[in-house]
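Chemist: If you scroll down you'll find the structure; I have some questions about it.
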Amino acid sequence: MPDGARPQGAPDVARSGRGPTRSVAASIGLGAGWLARTTRRGDGVQIAGRVMLRLSPSIGRRLAAGRRVVLISATNGKTSTSAMLAAALRAGGEVVAHNASGANLMPGLVAALAAAPNATTAVLETDEGALIQALRDLAPTVVVLGELSRDQLDRYHEVRALAQRWQGALSGTRATVVAVANDPNVAWSVEGVETVRWVDLQLPARLDTASCPACARLLEHAASGWRCHGCGRVQPTAITTVQRSNQVAINGTTIGLDLGLMGAWQYANAALALTAVDALGLEPRAASVAMASVREVANRPTRVALDGTHHAETVLVKNPAGWTALVAELAGREPDVGVVVVQNDRTADGRDPSFLWDVPFESFAGRRVGAAGTRAYDVATRLDLAGADVVAVDADPLVVARRLASAGPVVIAASYTSFYEMVRRVARGRGRRANGSSAGVQHHVAASVSSDARRPSMATRDSEIAIGLIYPELLGTYGDRGNAVVLRERLRRRGIAARVVEVAADDAVPSGLDCYLLGGGEDLAEIAALDRLEHAGLRDAWTRGAVVVGVCAGLQLLGSRVLLEGTLRDGLGFFEATTEPGPARCVGEVAIDASDPTLGVLTGFENHQGITAVGGSARPLGVHGDGREEGILGERLIGTYLHGPILVRNPLLADRVLTWMVGPLAPLDDGFEDKLHGARLRAVARAKGASRTNRLRGRLREQLQ
C-alpha cells in the first residue's frame with residue numbers, strides 16, 4: 001500500500017486534526033480498527049482507540065476541542081440514555097459523534113470522536129470508573145449521572161468509594177450536570193458542582209443507599225424522598241419527574257412518551273435524556289418524538305436463531321439492579337416462556353456473581369429455566385433453591401436454550417461477555433462451544449423432580465426454625481443473603497419448617513432467633529450497623545444457644561476492635577480480634593483447608609481491605625495455601641471473609657451450622673451444590689497453575705536477559 005493511502009472503507013480523518021501528531025495518530029488508529037473488522041477480530045473500536053492513545057496520550061483533549069461533549073455515566077441505563085439523546089440531537093439537525101457500540105472506556109471514547117470528524121456534538125456513554133479521566137480530558141459541556149449501584153465489585157469495591165472519586169473529579173467543573181435526585185451517593189458526589197439539574201426517577205429505595213455517604217447515619221426513605229437526620233442532607237428538588245409509567249414532567253410541562261425500547265425502566269432513562277436536551281438549549285417535546293424511534297441499542301435486545309424453527313429473545317443484564325428490573329418484567333410473561341440465565345465471570349462481567357442471591361428469582365418458582373455461562377453451576381444452584389424448574393445446565397447458552405425451546409418461547413438473559421459473544425456467533429454462524437472457556441461446566445440435563453422427592457424421610461420438628469438476616473440493607477453488599485436462603489431450604493428439604501426473618505436496621509433485633517447472619521458491607525454502613533448492634537443483645541442470644549455467622553464486615557464486627565474510617569472502635573467482643581486496613585485489597589477466588597478435617601476444603605471469594613488478627617486460643621476456620629489463617633470457628637460461631645455465598649458453596653459447612661441448631665441431620669442429594677463446590681475448586685487450581693506458569697515465564701525471561 002503506498003504511503004499516505006488508506007484502506008478501502010476506512011474513514012479519512014486526517015482533515016479532522018488540528019496538528020500533525022493528532023491526525024496521524026487518529027488515521028493509524030482507525031486504520032487498525034478497520035483491519036480488525038476486516039479480519040473479523042471484533043468491531044475494531046477498542047483497538048482503534050488503544051492505538052490512538054498509545055501514539056498520542058492527549059488525543060482525547062484534542063479531538064474534543066471545539067465540540068459540545070455530553071458524558072453519560074451510571075451503573076445501568078447509560079447505553080439507552082445516550083442512544084435516545086443522540087437520536088434526539090440528530091433529529092434536530094445536529095451532526096453527532098456517538099459510541100453507539102457501547103465501548104465506554106477511554107479507547108472507545110476517542111475512537112468515537114475520531115470516527116466523526118464533522119460532528120459538532122459528541123454523546124459519549126462513559127464507564128463509571130473512566131468518567132474521572134473523561135472529565136479531565138474531554139472538558140464536557142453536559143454530564144449526565146444516573147444511579148450508582150453495585151456492579152463489578154472486584155474492580156470498584158464499594159459504591160460510596162466510586163461516588164467519592166466522582167466527587168473529586170466533578171468539584172469545580174464548569175459543565176452542567178444532570179443528576180438523579182433519588183440516589184444519595186450521586187447527590188453527594190455533585191455537591192461541589194455549581195449547576196445541577198435534578199431528575200426524580202420515582203424509584204424505590206435500594207440496598208446500596210441505606211446509609212448517608214457523608215456521615216454514615218441511617219437514611220430515612222419516604223414518599224417525599226430520602227433524608228438524613230444526622231447531617232441534615234435531603235433529596236434535592238427536581239426539575240424533571242417521571243410521572244406514572246409513560247409521562248415525564250420537565251420544567252412544569254408534561255410530555256407523553258411512547259418508547260420503542262423494552263422495559264418500564266426506559267422511562268427513567270428517557271427522563272435523563274430529555275433533561276440533557278433541555279440543558280443543551282433544545283426543545284424536549286420535539287426531542288421526545290425522535291427518542292421514541294430508538295428500538296435497539298448496541299444490539300440489545302437481539303434475536304438469536306436456535307435451529308431452523310426456534311428463536312430466542314436475548315437481553316443483556318449485568319448487576320443486581322438490572323436483574324431485579326428484568327425479573328419483574330419476565331415474571332409477567334406467560335408461564336410457558338422459558339428463561340436461560342447466563343453468567344460469566346470475566347473482567348467485564350465481574351469475577352464474583354454472589355449478587356445473584358440478591359435477585360428475587362423466587363418469581364421464577366415453577367418456571368422452566370436453564371443455567372449457562374462460565375458460572376453455570378452458581379446460577380443453577382440459585383435458581384434451584386428459588387424453586388425454579390432447572391431443566392438444563394451447560395456452559396453454552398444456546399445448548400440450554402434449544403433444550404427449553406422444545407416446550408415454548410425462550411428468553412436468554414445474559415451477562416456482558418456472553419451476550420456479545422452470542423451476537424458475534426450469530427454474525428459468524430459459528431456452532432457450539434463458542435462461548436469461551438467452559439472448563440468445569442459439563443452438559444447436564446436436570447430431571448424434573450419435585451422438591452419433596454429430594455427430601456429424606458425423617459420426622460418433622462414441632463417448632464419452626466427462625467433464621468435471622470441482620471440489617472441486609474447495611475450488611476448486604478456482597479450477596480451474603482444467600483446464606484439464609486440455603487439454610488432455610490436445606491432444612492425444608494429435610495422436612496423441617498424454617499423461615500428467614502429479615503431484620504431491618506431501624507428495627508430491634510429479636511432475641512429468640514435460632515441463627516443470626518451478618519454479611520459484608522461498606523465501611524460507613526458497617527459503622528451504622530455497629531452503632532445498632534452494640535445495643536441489640538446479640539451476644540446474649542449467642543450465650544443462650546443461638547448460632548452466629550459473620551461474613552466480612554460481620555466477622556470484623558464480632559471481634560473486639562475494628563478500625564473504621566480512621567477511628568479504632570470497640571466491636572461486639574465475641575472473640576479477641578483486631579481489624580485494621582491491610583497494605584493491599586485481597587480480591588479473588590480462594591480455597592482453604594478447614595481446620596476441622598470433616599469440613600474438607602472450603603471455597604469462597606474474598607474482597608476486603610481489612611486484616612483481622614485473631615488472638616487468644618481462637619481456632620481459625622481454615623488455612624490458605626500460603627499459611628495465612630482465615631476466619632474463626634468457635635462453638636456455634638463462624639467468622640470468615642469468604643463470600644460466594646460461603647454456605648451455598650460449601651454444603652458440609654452449611655450442615656454444620658444446621659446441626660448446631662437442630663441436632664443430627666439426614667444426608668441430602670446435593671446435586672447442584674456439589675457441582676458448584678467442585679467447579680470452584682477447579683477454578684482455584686487453574687488460577688494457581690496459571691500464576692505458577694507466569695512466574696516461571698518471568699524467571700526464564702530474566703535468565704535470557
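How things are named: the first chain in the C-alpha cells is A, the next is B, and so on; residues count from 1 in each chain; ligands count from 1 in the order shown.
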Once DSSP has gone over the backbone, tell me which residues of stretch 235-399 of chain A are in helix (DSSP H, G or I), as an MDAnalysis selection string.
Modeler: chainID A and resid 266:279 284:291 320:331 353:358 361:364 376:385 397:399
Chemist: Please list as a tab-separated table (two decimals) with C-alpha atoms, in the first residue's frame every residue within 7 Å of A:Gly60, counting only C-alpha atoms and excluding residues in the same chain fewer than 6 positions away.
Modeler:
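Result file part.tsv:
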chain	number	residue	atom	x	y	z
A	110	VAL	CA	-11.56	8.72	21.50
A	137	ASP	CA	-9.54	15.12	29.10
A	138	LEU	CA	-12.77	15.94	27.24
Chemist: So how far away is atom CA of A:Leu517 from atom CA of A:Ala541, in Å?
Modeler: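 So the two atoms, atom CA of A:Ala541 and atom CA of A:Leu517, lie 12.5 Å apart.
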Chemist: What's around A:Pro597 at 12 Å? Count only C-alpha atoms, leave out sequence neighbours fewer than 5 positions away in its own chain, and write the answer as a list in words.
Modeler: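 Near neighbours after the sequence-gap exclusion: Ile592, Leu602, Leu621, Gly622, Val623, Leu652 and Leu653 of chain A.
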Chemist: Residues near stretch 63-75 of chain A, anyone? I mean within 9 Å using only C-alpha atoms, not counting same-chain ones fewer than 4 positions away, as JSON, numbers by chain.
Modeler: {"A": [16, 17, 18, 22, 58, 59, 79, 81, 82, 110, 113, 114, 117, 119, 120, 121, 122, 123, 124, 125, 126, 127, 128, 131, 134, 135, 137, 138, 139, 140, 141, 142, 143, 144, 145, 146, 147, 148, 149, 150, 151, 276, 280, 319, 321, 322]}
Chemist: Using only C-alpha atoms, find each residue of stretch 365-404 of chain A with at least one atom at most 8 Å away from an atom of stretch 326-347 of chain A; report its shortest atom-to-atom pair and that distance in Å (one decimal), sort the rows by chain and rising residue number, and return the result as CSV.
Modeler:
residue,atom,partner,partner_atom,distance
A:Arg367,CA,A:Pro335,CA,6.3
A:Arg368,CA,A:Gly338,CA,5.2
A:Val369,CA,A:Val339,CA,4.8
A:Gly370,CA,A:Val340,CA,4.5
A:Ala371,CA,A:Val341,CA,5.1
A:Ala372,CA,A:Val342,CA,4.6
A:Gly373,CA,A:Gln343,CA,4.9
A:Thr374,CA,A:Asn344,CA,4.7
A:Arg375,CA,A:Gln343,CA,5.5
A:Ala376,CA,A:Gln343,CA,6.6
A:Val379,CA,A:Val341,CA,7.0
A:Pro397,CA,A:Val342,CA,6.5
A:Val400,CA,A:Val340,CA,7.0
A:Ala401,CA,A:Val340,CA,6.3
A:Leu404,CA,A:Gly338,CA,6.1
Chemist: Can I get the selection written as a short mmCIF file (atom, residue, chain, number, x, y, z; two decimals), in the first residue's frame, with C-alpha atoms?
Modeler:
data_model
loop_
_atom_site.label_atom_id
_atom_site.label_comp_id
_atom_site.auth_asym_id
_atom_site.auth_seq_id
_atom_site.Cartn_x
_atom_site.Cartn_y
_atom_site.Cartn_z
CA ARG A 367 -40.99 -21.87 35.67
CA ARG A 368 -38.78 -23.85 33.26
CA VAL A 369 -35.30 -22.32 33.38
CA GLY A 370 -31.78 -23.11 32.31
CA ALA A 371 -28.35 -22.11 33.58
CA ALA A 372 -25.37 -21.30 31.38
CA GLY A 373 -22.05 -19.49 31.20
CA THR A 374 -18.74 -19.98 32.95
CA ARG A 375 -20.64 -19.76 36.27
CA ALA A 376 -23.48 -22.06 35.23
CA VAL A 379 -26.78 -19.95 38.51
CA PRO A 397 -26.32 -20.77 26.47
CA VAL A 400 -29.54 -24.75 27.05
CA ALA A 401 -31.91 -22.55 25.04
CA LEU A 404 -36.04 -25.18 26.62
#
Chemist: Would you pick out the contacts of A:Ala292 at 6 Å or less, using only C-alpha atoms, so that residues sharing its chain but fewer than 3 positions from it are not included, and give the list as a PyMOL selection string?
Modeler: chain A and resi 258-260+289
Chemist: Smallest atom-to-atom distance to A:Val551: which of A:Leu469, A:Leu89, A:Ile132, A:Val485, using only C-alpha atoms?
Modeler: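 Nearest to A:Val551: A:Leu469.
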Chemist: Run DSSP on the backbone and tell me which residues of stretch 606-703 of chain A come out as strand (DSSP E); list them as a list in words.
Modeler: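 Strand (DSSP E) members of stretch 606-703 of chain A, listed: Glu606, Asn607, His608, Gln609, Gly610, Ile611, Thr612, Ala613, Val614, Gly622, Val623, Glu629, Glu630, Ile632, Leu633, Gly634, Leu637, Ile638, Gly639 and Thr640 of chain A.
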Chemist: Any idea what the distance is between atom CA of A:Val657 and atom CA of A:Arg490?
Modeler: 11.0 Å
Chemist: Could you pull the residues within 12 Å of A:Ala484, counting only C-alpha atoms, minus those fewer than 5 positions along the same chain, as a ChimeraX atom specification?
Modeler: /A:357-358,385,465-470,472,476,479,489-491,498-502,514-519,548-550,645-648,654,657-658
Chemist: Could you pull the residues within 10 Å of A:Glu576, counting only C-alpha atoms, minus those fewer than 3 positions along the same chain, as a ChimeraX atom specification?
Modeler: /A:558-561,571-573,613-618
Chemist: Write a file of the just-selected residues containing C-alpha atoms, as a CSV table (one decimal), in the first residue's frame.
Modeler:
chain,number,residue,atom,x,y,z
A,558,LEU,CA,-17.8,-9.8,66.0
A,559,GLY,CA,-14.2,-9.1,67.1
A,560,SER,CA,-13.1,-6.9,69.9
A,561,ARG,CA,-11.8,-3.9,67.9
A,571,GLY,CA,-16.5,-4.4,68.4
A,572,LEU,CA,-19.1,-6.8,69.8
A,573,GLY,CA,-16.4,-8.8,71.6
A,613,ALA,CA,-5.7,-10.6,63.7
A,614,VAL,CA,-7.4,-13.1,66.0
A,615,GLY,CA,-5.9,-13.5,69.4
A,616,GLY,CA,-6.2,-15.9,72.3
A,617,SER,CA,-6.9,-19.6,71.7
A,618,ALA,CA,-9.4,-19.0,68.9
